[in-house]
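Participant: Please see the structure below; I have some questions.
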Amino acid sequence: MVSLLRPTLLAEATSLAREHDWDAKFVSGGTAVVLMLQQGLIAPSYLVYLNDLADVGGWRDIAETGEGLRIGGGVRLGDVARSESVRRLAPSLALAASVVGNVRIRNAATLGGNVAEADYASDPPAVLVALGASIEVSDGASTRTIPAADVFTDFFTTSLGTGELVTAIRVPHPGSARSSYTKFCSRSAEDRPCVGVAASLALSDGSVSRLAVALGAVAGTPVQELDICRRVLGRPAEASLFAEIAEAYAAAVDPIDDARGTAWYRRELIRVLVRRSLADLATTAGGGAR
Ligand SMILES: Cc1cc2nc3c(=O)[nH]c(=O)nc-3n(C[C@H](O)[C@H](O)[C@H](O)COP(=O)(O)OP(=O)(O)OC[C@H]3O[C@@H](n4cnc5c(N)ncnc54)[C@H](O)[C@@H]3O)c2cc1C
């Protein structure tokens, strides 16, 4: 028998979660929690419902700040996908949210829940890493901000402490960078990705001035190869460079095998999708390479 606890204050929610520890689970949109309950993967005595929280600033809001975007932890993925601000300042995130599951899932699932679940095959995490986003978390008494790249630590594992809540996601202003997300599904269109490629590219006089590429669904956490991205800075944005970057990613990554694809298949996809993503971004960013 599971009891639903409905705190209205952040401090109450976090202290309930700490008090009951493994026997309690936060629930927001419930799309993951309900499945896990149904499948017997979790059996908590308490669900701490987050949708009545009244004192978390901007819990369900998307705001443009001087530094970029602040998306409340309780914002639903459908709202992320539809937001004019997200589409303009972080198009890759809007795109990733728009291809999650189906409309019923997107209208219930929250961005905070998606981050906290840390499913290796979720769409938003790789995008948040490539965008240099940070995650605002609170234990009820204090708030800290963690780079998205440091939040996802392993399959279904985050660096959040017991009772810590994702209160918001901050995405920096893109400046002149363009971003994209490519989701490749190997089974049905509603499935999670076999490989997801999140990329962000800025050009200056036809050369690469900023590059970020993060891969989703190929390992326990989003994979970003910072050395590869750094060493191409200043080079002309042309087809041969994008092929070189894609090749380097394919060689550097050690992809997993699962029901959505073998390691070999994933490596081939990385080689093709990274090259295409960057070529498309260069075209919209003012370059012409393909
Ligand atoms: C049929 C189906 C298809 C799906 N397809 C995709 C897909 O294609 N791509 C994709 O990315 N995802 C997919 N998902 C997963 C979905 O995106 C996640 O389940 C969802 O984002 C989780 O958000 P939620 O609000 O429903 O979280 P919940 O189910 O409420 O919670 C998920 C986890 O996060 C914790 N939690 C929730 N909110 C917070 C918070 N604010 N702070 C801290 N912890 C919190 C909960 O305790 C739980 O551990 C799919 C899910 C289903 C059921």
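Just so we're on the same page: first chain in the structure tokens is A, next is B, and so on; residues restart at 1 for each chain, and ligands are numbered from 1 in the order they show up.
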Give the residues close to ligand 1, within 8 Å, counting only C-alpha atoms and all ligand atoms; write them as a short mmCIF file (atom, residue, chain, number, x, y, z; two decimals) with C-alpha atoms, in the first residue's frame.
Facilitator:
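Below is the file selection-v2.cif, written as the result:
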data_model
loop_
_atom_site.label_atom_id
_atom_site.label_comp_id
_atom_site.auth_asym_id
_atom_site.auth_seq_id
_atom_site.Cartn_x
_atom_site.Cartn_y
_atom_site.Cartn_z
CA LYS A 25 9.87 8.67 -3.87
CA PHE A 26 9.17 12.08 -5.32
CA VAL A 27 6.51 12.03 -8.02
CA SER A 28 5.98 14.84 -10.49
CA GLY A 29 4.46 13.89 -13.87
CA GLY A 30 4.46 10.27 -12.74
CA THR A 31 5.25 8.85 -16.17
CA ALA A 32 8.32 6.97 -14.94
CA VAL A 33 7.25 6.39 -11.33
CA VAL A 34 3.92 4.77 -12.25
CA LEU A 35 5.59 2.42 -14.73
CA LEU A 50 5.42 17.70 -6.09
CA GLY A 73 11.55 21.82 -12.52
CA GLY A 74 7.79 21.27 -12.81
CA ARG A 76 6.05 19.78 -18.66
CA LEU A 77 7.97 18.65 -21.73
CA ALA A 96 14.29 17.09 -27.97
CA ALA A 97 11.22 17.74 -25.83
CA VAL A 99 10.15 14.05 -29.81
CA VAL A 100 9.80 12.45 -26.36
CA GLY A 101 7.41 9.48 -26.48
CA ASN A 102 4.00 10.74 -27.51
CA ILE A 105 3.67 11.51 -22.16
CA ARG A 106 4.84 15.03 -23.07
CA ALA A 108 2.47 14.89 -18.15
CA ALA A 109 6.25 14.40 -17.95
CA THR A 110 8.32 17.24 -16.50
CA LEU A 111 11.83 18.38 -17.40
CA GLY A 112 12.85 18.10 -13.73
CA GLY A 113 11.57 14.52 -13.61
CA ASN A 114 13.37 13.67 -16.83
CA VAL A 115 16.67 14.96 -15.43
CA ALA A 116 16.21 13.23 -12.06
CA GLU A 117 15.29 9.92 -13.69
CA ALA A 118 18.61 9.99 -15.59
CA ASP A 119 17.56 7.29 -18.03
CA ALA A 121 18.11 6.71 -23.33
CA SER A 122 16.24 9.92 -22.53
CA ASP A 123 16.38 12.73 -25.08
CA PRO A 124 16.87 15.91 -22.99
CA PRO A 125 20.03 15.01 -20.98
CA VAL A 137 18.69 21.71 -6.84
CA LEU A 160 21.66 14.61 -6.28
CA GLY A 163 15.81 14.59 -0.52
CA GLU A 164 17.29 17.01 -3.05
CA LEU A 165 14.83 18.33 -5.58
CA VAL A 166 15.43 19.68 -9.10
CA THR A 167 13.89 23.15 -8.80
CA ALA A 168 15.00 24.54 -12.17
CA GLU A 190 7.56 6.75 -30.32
CA ASP A 191 10.53 4.85 -28.92
CA ARG A 192 13.45 6.26 -27.03
CA PRO A 193 16.52 6.90 -29.19
#
Participant: Per DSSP on the backbone, what are the strand (DSSP E) residues of stretch 49-129 of chain A, as number ranges by chain?
Facilitator: A: 49, 62-65, 68-72
Participant: Excluding A:Asp61 and its own-chain neighbours fewer than 6 positions away, which residues fall within 8 Å of it when counting only C-alpha atoms? Please give them as a VMD selection string.
Facilitator: chain A and resid 70 to 72 75
Participant: For the selection you just gave me, I'd like the residues written to a file as a compact mmCIF listing (two decimals), in the first residue's frame, keeping C-alpha atoms.
Facilitator:
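Listed below is the output, result-v1.txt:
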# COMPACT_ATOMS: atom_id res chain seq x y z
CA ARG A 70 15.33 29.40 -16.48
CA ILE A 71 12.92 26.50 -16.79
CA GLY A 72 11.12 25.44 -13.61
CA VAL A 75 7.49 22.47 -16.43
Participant: Please provide the set of residues having any atom within 9 Å of stretch 20-22 of chain A, restricted to only C-alpha atoms, with same-chain residues fewer than 5 positions apart removed, written as a list in words.
Facilitator: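 The contact residues come out as Ser15, Pro44, Ser45, Tyr46, Thr162 and Gly163 of chain A.
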